[in-house]
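Written out below as structure tokens is the structure these notes cover.
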Amino acid sequence: MGANSSSICELPENEYLKRLSGAEAVSENDPFWNQLLSFSFTAPTSSAELKLLEEATISICKSLVENNPRTGNLGALIKVFLSRTKELKISAECQNHLFIWQAHNALFIICCLLKVFICQMSEEELQLHFTYEERMPGSYGVECEDLIEELLCCLIQLIVEIPLLDITYSISLEAVTTLLVFLSCQLFHKEILRESIIHKYLMRGRCLPYTSRLVKTLLYNFIRQERSPPPGSHVFQQQTDGGGLLYGFASGVATGLWTVFTLGGVGSKPAPQQEQSSPLANQSLLLLLVLANLTDAPDTPNPYRQAIMSFKNTQDSTAFPSPSPHAFQINFNSLYTALCEQQKSDQATLLLYILLHQNSNVRTYMLARTDMENLVLPILEILYQVEERNSHHVYMALIILLILTEDDGFNRSIHEVILKNITWYSERVLTEISLGSLLILVVIRTIQYNMTRTRDKYLHTNCLAALANMSAQFRSLHQYAAQRIISLFSLLSKKHNKVLEQATQTLRGSLSSDDSPLPDYAQDLNVIEEVIRMMLEIINSCLTNSLHHNPNLVYALLYKRDLFEQFRTHPSFQDIMQNIDLVISFFSSRLEQAGAQLSVERVLEIIKQGAVALPKDRLRFPSSSLFHFLWYHRDCLKMNTTS
């Protein structure tokens, strides 16, 4: 690096980097720093290029690790950066490109070095490297200022105070990325870091007063989705001994470095459009999620989580409850729009879950929206594409549905929203369907996929929990949704019979042979019967609470009435079958009285008339035991997902 342009292959022999990492101490006031920081370097834009960068600089980093205790050059570099950041705000206002450029380059080098240091040493060793400084002969050791805390505080100030312009975009992105690198210490520890040095600095001391401003800025970075300035939008012409210097601020740094730590990615492939268009928004979201999930200190709760839990809408004029040291206000409409648009990213889905679960102001606002389809449809699309999504993303989407379906108002309103031409739903052409019926279809499809592929009991339980929450509010179910409910019950019934038959055959075979152990079919039967009971509870809840609103479900029930015969006398289902048996008998009788060869329209008309005539007091309301069981499992899943 230095005054001439650099490429990755030239880095190991670069004279400026070799001096930085060498055995000679470099004073903070040495002209060397101006030469080192005046480089034109296209940062990596892919994981392959990033790996090449790490391999090319490993010898430089090893040399610095070895020599830094004597030279203190790492500390000197950081002090040079700190001194230049003091004028950054004025430089941005005055369009001082050169000053911002060199400050960015200093931070870029610091970030690259930090990544290697953190990979190779403990936090205690890293802290020592920040304290080393040049020792002059005959000098006495003096206590150094805490450079780690000063650097962390400087990075936060840079993020919250420097205006976001084309010329400051890259250094703002680099500041966010460097904070992520600092927090990546957890990646190299199997156990949760409860006494982290970096966490201590961020949650106490000089960084603490910036908590709410940092969270607010990161949220607005996510909301605004500012695009990276195009390469060449800011070109600097500097006359040096080595000739002209061209440097584009957005020369790949933004899109390259944000892939170093995909801490919120949980294994998914990020959308290419998001990587290219708004690296600052993506990195800000990752940093926000990491900060929100820092472990509480023994005597201090996580202030970033407190800020996320307590912020309010800018239109909310009510006073904050006391005490709320980290509370702030943000535009909820803009936040809602961004969350709706960004759900293809599992990081954005995780943010949505955190806000719905932990911030009652956000949850209340979202449930009051009249355009909930803008949020629910992307969540349903995640579940629909279960084969292409990682399990974390699917679980988060499902838990979001569980939180939303806790609200009776939501469960009513989704059946009033009529959708047309859902293009991503390919099993059947849906020219017109309510949001509630579509939700039922997608959840049932997820259950069926799980039955044949992953066979995850908790996924079953939580999908059925969402249906159970909604069941009392089912309204005007689409005929296809009603068919799929009964078809799922049919599938479960066949599976139950198959396992029962296998258990019977195995038991007969065991009477003639005692050599081999018997498979545990009893456990399989218990699981299947548990799920069958949940389905019967859901059907029963709908019939009891909204029979007259759902003629299509009654039609599907009558069409497949034979499915339920075997469960009428089953000891596990006798109680829950009473209402279903009553409805089947009542409407079957009315259809028989109407004669044979009835059209579909005529059958539906008889059902509608019968729903009015059926005395409501003849139907027994279901118990709440199922719902308690479902919430227990949802809480277990919640803990597993967020741990």
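As shown in the structure tokens, the chain order sets the letters A, B, ...; within each chain, residues go from 1, and ligands are also counted from 1 in the order they appear.
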
Problem set entry | Long-range neighbours of A:Ser471 as a list in words, 8 Å cut-off, only C-alpha atoms, 2 positions minimum in chain | Leu467, Ala468, Asn469, Gln473, Phe474, Ile538, Ile539, Ser541 and Cys542 of chain A

For this session: Using only C-alpha atoms, determine which residues lie at most 12 Å from A:Leu355, disregarding the query and same-chain residues fewer than 5 positions distant; provide the list as JSON, numbers by chain.
Result: {"A": [219, 288, 289, 292, 305, 306, 307, 308, 309, 310, 311, 312, 332, 335, 336, 339, 348, 349, 350, 360, 361, 362, 363, 364, 365, 366, 400, 403]}

For this session: State, in Å with one decimal place, the distance from atom CA of A:Arg412 to atom CA of A:Asn462.
Result: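 It comes out at 20.0 Å.
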
For this session: Determine the nearest neighbour of A:Val376 from the options A:Gly409, A:Pro31, A:Gly436, A:Pro551, counting only C-alpha atoms.
Result: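 Among A:Gly409, A:Pro31, A:Gly436, A:Pro551, it is A:Gly436 that comes nearest to A:Val376.
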
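In this structure, atom CA of A:Gln342 sits 14.1 Å away from atom CA of A:Leu280.
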
Exercise. What is the distance, in Å and to one decimal place, between atom CA of A:Lys616 and atom CA of A:Phe564?
Worked result: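 Atom-to-atom, atom CA of A:Lys616 and atom CA of A:Phe564 are spaced 21.8 Å apart.
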
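Between A:Asn29 and the residues A:Lys79, A:Leu17, A:Ser196, A:Cys61, the shortest atom-to-atom distance, using only C-alpha atoms, involves A:Lys79.
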
Using DSSP on the backbone coordinates, identify all residues within stretch 384-625 of chain A classified as strand (DSSP E or B); present the result as a PDB file with all heavy atoms, in the first residue's frame.
ATOM      1  N   ILE A 418     -59.168  -9.703   1.028  1.00  0.00           N
ATOM      2  CA  ILE A 418     -59.295 -10.565  -0.147  1.00  0.00           C
ATOM      3  C   ILE A 418     -58.104 -10.324  -1.078  1.00  0.00           C
ATOM      4  O   ILE A 418     -57.800  -9.191  -1.452  1.00  0.00           O
ATOM      5  CB  ILE A 418     -60.616 -10.299  -0.902  1.00  0.00           C
ATOM      6  CG1 ILE A 418     -61.805 -10.474   0.054  1.00  0.00           C
ATOM      7  CG2 ILE A 418     -60.738 -11.225  -2.101  1.00  0.00           C
ATOM      8  CD1 ILE A 418     -61.900 -11.856   0.677  1.00  0.00           C
ATOM      9  N   LEU A 419     -57.427 -11.418  -1.428  1.00  0.00           N
ATOM     10  CA  LEU A 419     -56.253 -11.361  -2.300  1.00  0.00           C
ATOM     11  C   LEU A 419     -56.604 -11.929  -3.670  1.00  0.00           C
ATOM     12  O   LEU A 419     -57.457 -12.809  -3.786  1.00  0.00           O
ATOM     13  CB  LEU A 419     -55.107 -12.171  -1.687  1.00  0.00           C
ATOM     14  CG  LEU A 419     -54.738 -11.848  -0.241  1.00  0.00           C
ATOM     15  CD1 LEU A 419     -53.769 -12.895   0.302  1.00  0.00           C
ATOM     16  CD2 LEU A 419     -54.127 -10.453  -0.130  1.00  0.00           C
ATOM     17  N   ILE A 433     -58.893 -15.267  -2.950  1.00  0.00           N
ATOM     18  CA  ILE A 433     -58.887 -16.000  -1.684  1.00  0.00           C
ATOM     19  C   ILE A 433     -58.609 -15.018  -0.554  1.00  0.00           C
ATOM     20  O   ILE A 433     -57.912 -14.014  -0.748  1.00  0.00           O
ATOM     21  CB  ILE A 433     -57.814 -17.122  -1.699  1.00  0.00           C
ATOM     22  CG1 ILE A 433     -57.962 -18.041  -0.481  1.00  0.00           C
ATOM     23  CG2 ILE A 433     -56.416 -16.549  -1.800  1.00  0.00           C
ATOM     24  CD1 ILE A 433     -57.078 -19.276  -0.545  1.00  0.00           C
ATOM     25  N   SER A 434     -59.145 -15.292   0.612  1.00  0.00           N
ATOM     26  CA  SER A 434     -58.872 -14.410   1.754  1.00  0.00           C
ATOM     27  C   SER A 434     -57.477 -14.697   2.301  1.00  0.00           C
ATOM     28  O   SER A 434     -56.921 -15.798   2.124  1.00  0.00           O
ATOM     29  CB  SER A 434     -59.906 -14.622   2.860  1.00  0.00           C
ATOM     30  OG  SER A 434     -59.723 -15.889   3.483  1.00  0.00           O
TER      31      SER A 434
END

Problem set entry | Nearest residue to A:Gln329 from the set A:Lys420, A:His97, A:Arg213, A:Arg568 (distances using only C-alpha atoms) | A:Arg213

For this session: Would you list the contacts of A:Leu557 as number ranges by chain, taking every protein, DNA or RNA residue within 10 Å and counting only C-alpha atoms, but skipping same-chain residues closer than 2 positions in sequence?
Result: A: 482-483, 485-487, 539, 551-555, 559-564, 580, 583-584

For this session: Go through A:Ile60, A:Ala23, A:Leu208, A:Ala397 one by one, measure the shortest atom-to-atom distance of each to A:Tyr304 using only C-alpha atoms, and give the residue with the smallest value.
Result: A:Leu208

For this session: Output as a ChimeraX atom specification all residues of stretch 436-502 of chain A that backbone DSSP marks as alpha helix (DSSP H).
Result: /A:436-452,457-471,479-502
